[in-house]
file final.tsv (TSV, N, CA and C atoms)
chain	number	residue	atom	x	y	z
A	233	MET	N	-58.25	-23.05	29.39
A	233	MET	CA	-58.11	-22.12	28.31
A	233	MET	C	-56.64	-21.94	27.96
A	234	LYS	N	-56.32	-22.01	26.70
A	234	LYS	CA	-54.95	-21.91	26.23
A	234	LYS	C	-54.66	-20.49	25.74
A	235	LYS	N	-53.49	-19.95	26.18
A	235	LYS	CA	-53.08	-18.61	25.76
A	235	LYS	C	-52.29	-18.69	24.46
A	236	ASN	N	-52.60	-17.84	23.51
A	236	ASN	CA	-51.84	-17.75	22.27
A	236	ASN	C	-51.35	-16.31	22.11
A	237	GLY	N	-50.12	-16.01	22.52
A	237	GLY	CA	-49.58	-14.67	22.35
A	237	GLY	C	-49.22	-14.01	23.67
A	238	PHE	N	-48.89	-12.73	23.57
A	238	PHE	CA	-48.46	-11.97	24.74
A	238	PHE	C	-49.54	-10.97	25.12
A	239	THR	N	-49.53	-10.60	26.39
A	239	THR	CA	-50.47	-9.58	26.84
A	239	THR	C	-49.88	-8.21	26.53
A	240	LEU	N	-50.72	-7.21	26.58
A	240	LEU	CA	-50.28	-5.84	26.33
A	240	LEU	C	-49.22	-5.41	27.34
A	241	ILE	N	-49.34	-5.80	28.58
A	241	ILE	CA	-48.37	-5.45	29.62
A	241	ILE	C	-47.00	-6.06	29.30
A	242	GLU	N	-46.97	-7.29	28.84
A	242	GLU	CA	-45.70	-7.93	28.51
A	242	GLU	C	-45.02	-7.23	27.34
A	243	ILE	N	-45.78	-6.87	26.35
A	243	ILE	CA	-45.21	-6.16	25.19
A	243	ILE	C	-44.69	-4.79	25.61
A	244	LEU	N	-45.44	-4.06	26.42
A	244	LEU	CA	-44.99	-2.75	26.91
A	244	LEU	C	-43.73	-2.87	27.75
A	245	ALA	N	-43.64	-3.91	28.57
A	245	ALA	CA	-42.45	-4.11	29.39
A	245	ALA	C	-41.21	-4.32	28.52
A	246	VAL	N	-41.34	-5.10	27.47
A	246	VAL	CA	-40.21	-5.34	26.56
A	246	VAL	C	-39.82	-4.05	25.84
A	247	VAL	N	-40.79	-3.27	25.39
A	247	VAL	CA	-40.51	-2.00	24.69
A	247	VAL	C	-39.79	-1.04	25.64
A	248	VAL	N	-40.26	-0.94	26.86
A	248	VAL	CA	-39.62	-0.04	27.85
A	248	VAL	C	-38.20	-0.51	28.14
A	249	LEU	N	-38.00	-1.80	28.28
A	249	LEU	CA	-36.67	-2.34	28.53
A	249	LEU	C	-35.71	-2.04	27.38
A	250	LEU	N	-36.16	-2.24	26.15
A	250	LEU	CA	-35.32	-1.95	24.97
A	250	LEU	C	-35.03	-0.45	24.86
A	251	ALA	N	-35.99	0.39	25.18
A	251	ALA	CA	-35.77	1.84	25.15
A	251	ALA	C	-34.73	2.24	26.19
A	252	GLY	N	-34.79	1.65	27.36
A	252	GLY	CA	-33.81	1.96	28.41
A	252	GLY	C	-32.40	1.56	28.01
A	253	ILE	N	-32.28	0.39	27.41
A	253	ILE	CA	-30.96	-0.07	26.96
A	253	ILE	C	-30.42	0.84	25.86
A	254	SER	N	-31.27	1.24	24.93
A	254	SER	CA	-30.81	2.12	23.85
A	254	SER	C	-30.43	3.50	24.36
A	255	LEU	N	-31.12	4.00	25.39
A	255	LEU	CA	-30.75	5.30	25.97
A	255	LEU	C	-29.38	5.27	26.61
A	256	ILE	N	-29.00	4.13	27.14
A	256	ILE	CA	-27.69	3.99	27.75
A	256	ILE	C	-26.61	3.76	26.69
A	257	ALA	N	-26.88	2.90	25.73
A	257	ALA	CA	-25.86	2.48	24.77
A	257	ALA	C	-25.64	3.48	23.63
A	258	LEU	N	-26.68	4.13	23.16
A	258	LEU	CA	-26.57	5.01	21.99
A	258	LEU	C	-25.57	6.16	22.18
A	259	PRO	N	-25.61	6.91	23.29
A	259	PRO	CA	-24.61	7.97	23.44
A	259	PRO	C	-23.17	7.46	23.47
A	260	LEU	N	-22.95	6.29	24.06
A	260	LEU	CA	-21.61	5.71	24.09
A	260	LEU	C	-21.13	5.37	22.68
A	261	ILE	N	-22.00	4.82	21.87
A	261	ILE	CA	-21.64	4.47	20.49
A	261	ILE	C	-21.37	5.72	19.67
A	262	ILE	N	-22.19	6.75	19.83
A	262	ILE	CA	-22.01	8.00	19.09
A	262	ILE	C	-20.70	8.67	19.48
A	263	ASN	N	-20.39	8.72	20.79
A	263	ASN	CA	-19.14	9.33	21.24
A	263	ASN	C	-17.93	8.59	20.68
A	264	ARG	N	-17.99	7.28	20.68
A	264	ARG	CA	-16.89	6.48	20.15
A	264	ARG	C	-16.68	6.75	18.66
A	265	ALA	N	-17.77	6.85	17.92
A	265	ALA	CA	-17.68	7.14	16.49
A	265	ALA	C	-17.09	8.53	16.24
A	266	ASN	N	-17.49	9.52	17.03
A	266	ASN	CA	-16.96	10.88	16.88
A	266	ASN	C	-15.48	10.93	17.22
A	267	GLN	N	-15.04	10.18	18.24
A	267	GLN	CA	-13.63	10.15	18.60
A	267	GLN	C	-12.80	9.55	17.48
A	268	SER	N	-13.28	8.52	16.87
A	268	SER	CA	-12.50	7.89	15.80
A	268	SER	C	-12.42	8.79	14.57
A	269	LYS	N	-13.45	9.61	14.33
A	269	LYS	CA	-13.40	10.55	13.21
A	269	LYS	C	-12.44	11.69	13.47
A	270	SER	N	-12.37	12.16	14.72
A	270	SER	CA	-11.58	13.34	15.02
A	270	SER	C	-10.09	13.04	15.17
A	271	SER	N	-9.73	11.81	15.44
A	271	SER	CA	-8.32	11.50	15.61
A	271	SER	C	-7.77	10.81	14.37
A	272	LEU	N	-6.48	10.98	14.17
A	272	LEU	CA	-5.81	10.37	13.04
A	272	LEU	C	-5.63	8.88	13.30
A	273	SER	N	-5.59	8.12	12.25
A	273	SER	CA	-5.33	6.69	12.39
A	273	SER	C	-3.88	6.48	12.82
A	274	ASP	N	-3.62	5.34	13.42
A	274	ASP	CA	-2.27	5.04	13.91
A	274	ASP	C	-1.26	4.99	12.77
A	275	ILE	N	-1.68	4.49	11.63
A	275	ILE	CA	-0.77	4.40	10.49
A	275	ILE	C	-0.38	5.79	10.00
A	276	SER	N	-1.35	6.70	9.92
A	276	SER	CA	-1.07	8.07	9.48
A	276	SER	C	-0.15	8.77	10.46
A	277	LYS	N	-0.41	8.58	11.75
A	277	LYS	CA	0.45	9.19	12.77
A	277	LYS	C	1.88	8.68	12.63
A	278	LYS	N	2.02	7.37	12.45
A	278	LYS	CA	3.35	6.80	12.35
A	278	LYS	C	4.12	7.37	11.16
A	279	LEU	N	3.45	7.52	10.01
A	279	LEU	CA	4.10	8.11	8.84
A	279	LEU	C	4.53	9.56	9.10
A	280	ILE	N	3.64	10.32	9.73
A	280	ILE	CA	3.96	11.72	10.04
A	280	ILE	C	5.11	11.80	11.04
A	281	TYR	N	5.08	10.94	12.06
A	281	TYR	CA	6.14	10.96	13.08
A	281	TYR	C	7.49	10.56	12.47
A	282	GLU	N	7.48	9.58	11.58
A	282	GLU	CA	8.73	9.17	10.92
A	282	GLU	C	9.28	10.30	10.06
A	283	ALA	N	8.39	10.99	9.35
A	283	ALA	CA	8.83	12.13	8.53
A	283	ALA	C	9.42	13.23	9.39
A	284	ALA	N	8.77	13.52	10.52
A	284	ALA	CA	9.26	14.56	11.42
A	284	ALA	C	10.60	14.17	12.03
A	285	TYR	N	10.74	12.91	12.44
A	285	TYR	CA	12.00	12.45	13.01
A	285	TYR	C	13.12	12.55	11.98
A	286	THR	N	12.85	12.15	10.75
A	286	THR	CA	13.86	12.22	9.69
A	286	THR	C	14.27	13.66	9.42
A	287	TYR	N	13.27	14.56	9.41
A	287	TYR	CA	13.57	15.99	9.20
A	287	TYR	C	14.46	16.53	10.32
A	288	ILE	N	14.10	16.21	11.56
A	288	ILE	CA	14.89	16.67	12.71
A	288	ILE	C	16.29	16.07	12.66
A	289	ASP	N	16.37	14.79	12.31
A	289	ASP	CA	17.67	14.11	12.24
A	289	ASP	C	18.57	14.75	11.19
A	290	LYS	N	18.02	15.11	10.04
A	290	LYS	CA	18.80	15.73	8.96
A	290	LYS	C	19.19	17.17	9.28
A	291	ASN	N	18.51	17.80	10.23
A	291	ASN	CA	18.76	19.20	10.58
A	291	ASN	C	19.19	19.32	12.05
A	292	GLN	N	20.15	18.48	12.45
A	292	GLN	CA	20.55	18.46	13.86
A	292	GLN	C	21.26	19.73	14.31
A	293	THR	N	21.77	20.52	13.40
A	293	THR	CA	22.36	21.79	13.83
A	293	THR	C	21.28	22.74	14.34
A	294	LYS	N	20.09	22.65	13.75
A	294	LYS	CA	18.97	23.48	14.18
A	294	LYS	C	18.17	22.80	15.29
A	295	TYR	N	18.10	21.48	15.26
A	295	TYR	CA	17.31	20.70	16.23
A	295	TYR	C	18.19	19.62	16.87
A	296	PRO	N	19.08	19.99	17.80
A	296	PRO	CA	19.94	18.96	18.41
A	296	PRO	C	19.16	18.02	19.31
A	297	PHE	N	19.57	16.74	19.30
A	297	PHE	CA	18.93	15.74	20.16
A	297	PHE	C	19.48	15.91	21.58
A	298	LYS	N	18.72	16.53	22.44
A	298	LYS	CA	19.12	16.69	23.84
A	298	LYS	C	17.92	16.46	24.73
A	299	GLU	N	18.18	15.87	25.89
A	299	GLU	CA	17.10	15.59	26.83
A	299	GLU	C	16.42	16.88	27.26
A	300	GLY	N	15.11	16.81	27.43
A	300	GLY	CA	14.36	17.97	27.89
A	300	GLY	C	13.98	18.96	26.80
A	301	ARG	N	14.34	18.66	25.58
A	301	ARG	CA	14.01	19.56	24.46
A	301	ARG	C	12.70	19.15	23.82
A	302	ARG	N	11.98	20.15	23.31
A	302	ARG	CA	10.75	19.89	22.57
A	302	ARG	C	10.77	20.77	21.33
A	303	TYR	N	10.53	20.16	20.19
A	303	TYR	CA	10.55	20.88	18.92
A	303	TYR	C	9.19	20.76	18.24
A	304	CYS	N	8.88	21.77	17.45
A	304	CYS	CA	7.63	21.79	16.69
A	304	CYS	C	7.98	21.93	15.21
A	305	VAL	N	7.40	21.06	14.40
A	305	VAL	CA	7.62	21.11	12.95
A	305	VAL	C	6.26	21.12	12.28
A	306	LYS	N	6.04	22.12	11.43
A	306	LYS	CA	4.76	22.20	10.71
A	306	LYS	C	4.71	21.13	9.63
A	307	LEU	N	3.51	20.62	9.40
A	307	LEU	CA	3.34	19.65	8.32
A	307	LEU	C	3.71	20.27	6.98
A	308	GLN	N	3.43	21.56	6.83
A	308	GLN	CA	3.78	22.26	5.59
A	308	GLN	C	5.29	22.20	5.35
A	309	THR	N	6.08	22.32	6.42
A	309	THR	CA	7.54	22.24	6.29
A	309	THR	C	7.95	20.84	5.82
A	310	LEU	N	7.31	19.81	6.37
A	310	LEU	CA	7.63	18.44	5.95
A	310	LEU	C	7.27	18.21	4.49
A	311	VAL	N	6.19	18.84	4.03
A	311	VAL	CA	5.80	18.75	2.62
A	311	VAL	C	6.81	19.51	1.75
A	312	ASP	N	7.17	20.74	2.19
A	312	ASP	CA	8.09	21.58	1.42
A	312	ASP	C	9.45	20.90	1.20
A	313	TYR	N	9.92	20.17	2.22
A	313	TYR	CA	11.22	19.52	2.12
A	313	TYR	C	11.14	18.10	1.57
A	314	GLY	N	9.94	17.66	1.19
A	314	GLY	CA	9.79	16.37	0.54
A	314	GLY	C	9.67	15.16	1.46
A	315	TYR	N	9.46	15.38	2.74
A	315	TYR	CA	9.31	14.26	3.67
A	315	TYR	C	7.89	13.70	3.66
A	316	LEU	N	6.93	14.51	3.25
A	316	LEU	CA	5.54	14.09	3.05
A	316	LEU	C	5.09	14.59	1.70
A	317	LYS	N	4.15	13.88	1.10
A	317	LYS	CA	3.62	14.31	-0.19
A	317	LYS	C	2.24	14.94	0.01
A	318	GLU	N	2.03	16.02	-0.72
A	318	GLU	CA	0.74	16.72	-0.65
A	318	GLU	C	-0.24	16.08	-1.62
A	319	PRO	N	-1.48	15.93	-1.31
A	319	PRO	CA	-2.14	16.28	-0.06
A	319	PRO	C	-1.87	15.23	1.01
A	320	VAL	N	-1.66	15.68	2.23
A	320	VAL	CA	-1.46	14.77	3.35
A	320	VAL	C	-2.85	14.32	3.80
A	321	GLN	N	-3.08	13.01	3.74
A	321	GLN	CA	-4.40	12.47	4.05
A	321	GLN	C	-4.29	11.39	5.11
A	322	ASP	N	-5.36	11.27	5.88
A	322	ASP	CA	-5.47	10.17	6.83
A	322	ASP	C	-5.71	8.90	6.01
A	323	ILE	N	-4.87	7.92	6.16
A	323	ILE	CA	-4.96	6.70	5.35
A	323	ILE	C	-6.27	5.96	5.59
A	324	LYS	N	-6.73	5.97	6.83
A	324	LYS	CA	-7.94	5.20	7.17
A	324	LYS	C	-9.20	5.86	6.63
A	325	THR	N	-9.33	7.17	6.80
A	325	THR	CA	-10.57	7.87	6.42
A	325	THR	C	-10.48	8.54	5.06
A	326	GLY	N	-9.28	8.83	4.57
A	326	GLY	CA	-9.12	9.52	3.30
A	326	GLY	C	-9.29	11.03	3.40
A	327	GLU	N	-9.51	11.54	4.62
A	327	GLU	CA	-9.69	12.98	4.81
A	327	GLU	C	-8.34	13.69	4.80
A	328	SER	N	-8.33	14.91	4.24
A	328	SER	CA	-7.10	15.70	4.22
A	328	SER	C	-6.77	16.19	5.61
A	329	ILE	N	-5.47	16.26	5.88
A	329	ILE	CA	-4.98	16.78	7.16
A	329	ILE	C	-4.48	18.19	6.91
A	330	ASP	N	-4.91	19.11	7.75
A	330	ASP	CA	-4.53	20.52	7.61
A	330	ASP	C	-3.02	20.67	7.75
A	331	LEU	N	-2.38	21.29	6.77
A	331	LEU	CA	-0.93	21.46	6.78
A	331	LEU	C	-0.46	22.51	7.79
A	332	LYS	N	-1.40	23.21	8.43
A	332	LYS	CA	-1.03	24.16	9.49
A	332	LYS	C	-0.77	23.45	10.82
A	333	LYS	N	-1.19	22.18	10.90
A	333	LYS	CA	-0.94	21.41	12.12
A	333	LYS	C	0.56	21.21	12.29
A	334	GLN	N	0.96	20.96	13.53
A	334	GLN	CA	2.37	20.79	13.84
A	334	GLN	C	2.61	19.46	14.52
A	335	VAL	N	3.81	18.94	14.31
A	335	VAL	CA	4.24	17.74	15.01
A	335	VAL	C	5.10	18.20	16.18
A	336	GLU	N	4.73	17.78	17.37
A	336	GLU	CA	5.50	18.10	18.56
A	336	GLU	C	6.37	16.88	18.88
A	337	ILE	N	7.68	17.10	18.95
A	337	ILE	CA	8.62	16.03	19.25
A	337	ILE	C	9.29	16.38	20.56
A	338	SER	N	9.10	15.53	21.58
A	338	SER	CA	9.67	15.77	22.91
A	338	SER	C	10.73	14.73	23.20
A	339	PHE	N	11.92	15.20	23.54
A	339	PHE	CA	13.02	14.31	23.92
A	339	PHE	C	13.09	14.27	25.44
A	340	ASP	N	12.28	13.39	26.05
A	340	ASP	CA	12.36	13.23	27.50
A	340	ASP	C	13.71	12.59	27.85
A	341	THR	N	14.04	11.54	27.15
A	341	THR	CA	15.38	10.96	27.17
A	341	THR	C	15.70	10.69	25.71
A	342	LEU	N	16.94	10.37	25.43
A	342	LEU	CA	17.29	10.13	24.03
A	342	LEU	C	16.70	8.83	23.51
A	343	VAL	N	16.26	7.97	24.42
A	343	VAL	CA	15.62	6.72	24.02
A	343	VAL	C	14.11	6.90	23.98
A	344	ASP	N	13.57	7.70	24.88
A	344	ASP	CA	12.12	7.90	25.00
A	344	ASP	C	11.73	9.20	24.31
A	345	ILE	N	11.31	9.10	23.06
A	345	ILE	CA	10.90	10.26	22.28
A	345	ILE	C	9.40	10.20	22.11
A	346	GLU	N	8.71	11.29	22.43
A	346	GLU	CA	7.26	11.33	22.31
A	346	GLU	C	6.86	12.27	21.18
A	347	TYR	N	5.80	11.88	20.49
A	347	TYR	CA	5.29	12.64	19.35
A	347	TYR	C	3.81	12.96	19.57
A	348	ALA	N	3.38	14.08	18.98
A	348	ALA	CA	1.96	14.42	18.98
A	348	ALA	C	1.70	15.36	17.82
A	349	VAL	N	0.55	15.19	17.17
A	349	VAL	CA	0.12	16.12	16.12
A	349	VAL	C	-0.86	17.09	16.78
A	350	LYS	N	-0.53	18.38	16.72
A	350	LYS	CA	-1.33	19.40	17.41
A	350	LYS	C	-1.61	20.56	16.48
A	351	ASP	N	-2.61	21.36	16.86
A	351	ASP	CA	-2.90	22.58	16.12
A	351	ASP	C	-1.79	23.61	16.33
A	352	SER	N	-1.23	23.64	17.53
A	352	SER	CA	-0.10	24.53	17.82
A	352	SER	C	0.70	23.92	18.96
A	353	CYS	N	1.97	24.28	19.01
A	353	CYS	CA	2.83	23.83	20.13
A	353	CYS	C	3.90	24.86	20.36
A	354	THR	N	4.55	24.76	21.51
A	354	THR	CA	5.59	25.70	21.90
A	354	THR	C	6.90	24.93	22.07
A	355	GLU	N	7.93	25.40	21.43
A	355	GLU	CA	9.22	24.73	21.51
A	355	GLU	C	9.92	25.05	22.83
A	356	ILE	N	10.65	24.07	23.34
A	356	ILE	CA	11.54	24.27	24.49
A	356	ILE	C	12.92	23.89	24.01
A	357	ARG	N	13.78	24.88	23.92
A	357	ARG	CA	15.14	24.62	23.39
A	357	ARG	C	16.17	24.66	24.48
call {"tool": "encode", "arguments": {"input": "final.tsv", "output": "structure tokens"}}
result
Amino acid sequence: MKKNGFTLIEILAVVVLLAGISLIALPLIINRANQSKSSLSDISKKLIYEAAYTYIDKNQTKYPFKEGRRYCVKLQTLVDYGYLKEPVQDIKTGESIDLKKQVEISFDTLVDIEYAVKDSCTEIR
């Protein structure tokens, strides 16, 4: 006798296997998608960081470059002084960036400068 097709047990085994794989993979994919939506693209960050660095550089009497210092500059300030144009948008997603956010610039060394866009930060002068 020749078999043509699959048995019910074989079909159920494949369905259970696919369900198990999707239960493992789906949350990982969703988390990755949410992370990419919540963070700024690298290009947008670079533009914001360059604007903040230029602002700090032009105002060195207020923000001297010294090791161990951390400064906070609001995006609104960068817009007001013309370093960024309003509306400030994420280049990748096209979403507007809240101008209440701040750029944190940390001078660990004069060569190693770290940047971060945060909702709030505290300056160390």
call {"tool": "atom_distance", "arguments": {"input": "final.tsv", "atom1": "atom CA of A:Pro319", "atom2": "atom CA of A:Leu331"}}
result
8.7 Å
call {"tool": "atom_distance", "arguments": {"input": "final.tsv", "atom1": "atom CA of A:Asp340", "atom2": "atom N of A:Phe297"}}
result
11.5 Å
call {"tool": "closest_residue", "arguments": {"input": "final.tsv", "among": "A:Arg302, A:Gly314, A:Glu336, A:Leu260", "to": "A:Ala348", "atoms": "only N, CA and C atoms"}}
result
A:Glu336
call {"tool": "select_by_dssp", "arguments": {"input": "final.tsv", "residues": "stretch 253-348 of chain A", "states": "alpha helix (DSSP H)", "output": "VMD selection string"}}
result
chain A and resid 253 to 270 274 to 290 307 to 312
call {"tool": "axis_aligned_box", "arguments": {"input": "final.tsv", "around": "stretch 251-254 of chain A", "padding_each_side": "3 Å", "output": "AutoDock Vina command-line options"}}
result
--center_x -33.2 --center_y 1.7 --center_z 26.1 --size_x 11.6 --size_y 9.6 --size_z 10.6
call {"tool": "atom_distance", "arguments": {"input": "final.tsv", "atom1": "atom C of A:Thr354", "atom2": "atom N of A:Lys306"}}
result
11.0 Å
call {"tool": "closest_residue", "arguments": {"input": "final.tsv", "among": "A:Ser254, A:Asn236, A:Ser276, A:Thr293", "to": "A:Glu327", "atoms": "only C-alpha atoms"}}
result
A:Ser276
call {"tool": "residues_around", "arguments": {"input": "final.tsv", "residues": "A:Leu279", "least_positions_apart": "4", "cutoff": "12 Å", "atoms": "only C-alpha atoms", "output": "ChimeraX atom specification"}}
result
/A:272-275,283-286,307,310,315-317,320-323,335,347,349
call {"tool": "residues_around", "arguments": {"input": "final.tsv", "residues": "A:Arg301", "least_positions_apart": "6", "cutoff": "6.5 Å", "atoms": "only N, CA and C atoms", "output": "PDB file with N, CA and C atoms, in the coordinates of the input"}}
result
ATOM      1  N   ILE A 337       7.680  17.100  18.950  1.00  0.00           N
ATOM      2  CA  ILE A 337       8.620  16.030  19.250  1.00  0.00           C
ATOM      3  C   ILE A 337       9.290  16.380  20.560  1.00  0.00           C
ATOM      4  N   SER A 338       9.100  15.530  21.580  1.00  0.00           N
ATOM      5  CA  SER A 338       9.670  15.770  22.910  1.00  0.00           C
ATOM      6  C   SER A 338      10.730  14.730  23.200  1.00  0.00           C
ATOM      7  N   PHE A 339      11.920  15.200  23.540  1.00  0.00           N
ATOM      8  CA  PHE A 339      13.020  14.310  23.920  1.00  0.00           C
ATOM      9  C   PHE A 339      13.090  14.270  25.440  1.00  0.00           C
ATOM     10  N   ASP A 340      12.280  13.390  26.050  1.00  0.00           N
ATOM     11  CA  ASP A 340      12.360  13.230  27.500  1.00  0.00           C
ATOM     12  C   ASP A 340      13.710  12.590  27.850  1.00  0.00           C
ATOM     13  N   ILE A 356      10.650  24.070  23.340  1.00  0.00           N
ATOM     14  CA  ILE A 356      11.540  24.270  24.490  1.00  0.00           C
ATOM     15  C   ILE A 356      12.920  23.890  24.010  1.00  0.00           C
ATOM     16  N   ARG A 357      13.780  24.880  23.920  1.00  0.00           N
ATOM     17  CA  ARG A 357      15.140  24.620  23.390  1.00  0.00           C
ATOM     18  C   ARG A 357      16.170  24.660  24.480  1.00  0.00           C
TER      19      ARG A 357
END
call {"tool": "select_by_dssp", "arguments": {"input": "final.tsv", "residues": "stretch 255-349 of chain A", "states": "strand (DSSP E or B)", "output": "short mmCIF file (atom, residue, chain, number, x, y, z; two decimals) with N, CA and C atoms, in the frame of the given file"}}
result
data_model
loop_
_atom_site.label_atom_id
_atom_site.label_comp_id
_atom_site.auth_asym_id
_atom_site.auth_seq_id
_atom_site.Cartn_x
_atom_site.Cartn_y
_atom_site.Cartn_z
N ARG A 301 14.34 18.66 25.58
CA ARG A 301 14.01 19.56 24.46
C ARG A 301 12.70 19.15 23.82
N ARG A 302 11.98 20.15 23.31
CA ARG A 302 10.75 19.89 22.57
C ARG A 302 10.77 20.77 21.33
N TYR A 303 10.53 20.16 20.19
CA TYR A 303 10.55 20.88 18.92
C TYR A 303 9.19 20.76 18.24
N CYS A 304 8.88 21.77 17.45
CA CYS A 304 7.63 21.79 16.69
C CYS A 304 7.98 21.93 15.21
N VAL A 305 7.40 21.06 14.40
CA VAL A 305 7.62 21.11 12.95
C VAL A 305 6.26 21.12 12.28
N LYS A 306 6.04 22.12 11.43
CA LYS A 306 4.76 22.20 10.71
C LYS A 306 4.71 21.13 9.63
N GLN A 321 -3.08 13.01 3.74
CA GLN A 321 -4.40 12.47 4.05
C GLN A 321 -4.29 11.39 5.11
N SER A 328 -8.33 14.91 4.24
CA SER A 328 -7.10 15.70 4.22
C SER A 328 -6.77 16.19 5.61
N GLN A 334 0.96 20.96 13.53
CA GLN A 334 2.37 20.79 13.84
C GLN A 334 2.61 19.46 14.52
N VAL A 335 3.81 18.94 14.31
CA VAL A 335 4.24 17.74 15.01
C VAL A 335 5.10 18.20 16.18
N GLU A 336 4.73 17.78 17.37
CA GLU A 336 5.50 18.10 18.56
C GLU A 336 6.37 16.88 18.88
N ILE A 337 7.68 17.10 18.95
CA ILE A 337 8.62 16.03 19.25
C ILE A 337 9.29 16.38 20.56
N SER A 338 9.10 15.53 21.58
CA SER A 338 9.67 15.77 22.91
C SER A 338 10.73 14.73 23.20
N PHE A 339 11.92 15.20 23.54
CA PHE A 339 13.02 14.31 23.92
C PHE A 339 13.09 14.27 25.44
N ILE A 345 11.31 9.10 23.06
CA ILE A 345 10.90 10.26 22.28
C ILE A 345 9.40 10.20 22.11
N GLU A 346 8.71 11.29 22.43
CA GLU A 346 7.26 11.33 22.31
C GLU A 346 6.86 12.27 21.18
N TYR A 347 5.80 11.88 20.49
CA TYR A 347 5.29 12.64 19.35
C TYR A 347 3.81 12.96 19.57
N ALA A 348 3.38 14.08 18.98
CA ALA A 348 1.96 14.42 18.98
C ALA A 348 1.70 15.36 17.82
N VAL A 349 0.55 15.19 17.17
CA VAL A 349 0.12 16.12 16.12
C VAL A 349 -0.86 17.09 16.78
#
call {"tool": "closest_residue", "arguments": {"input": "final.tsv", "among": "A:Ala257, A:Lys278, A:Gly237, A:Ile345", "to": "A:Glu299", "atoms": "only C-alpha atoms"}}
result
A:Ile345
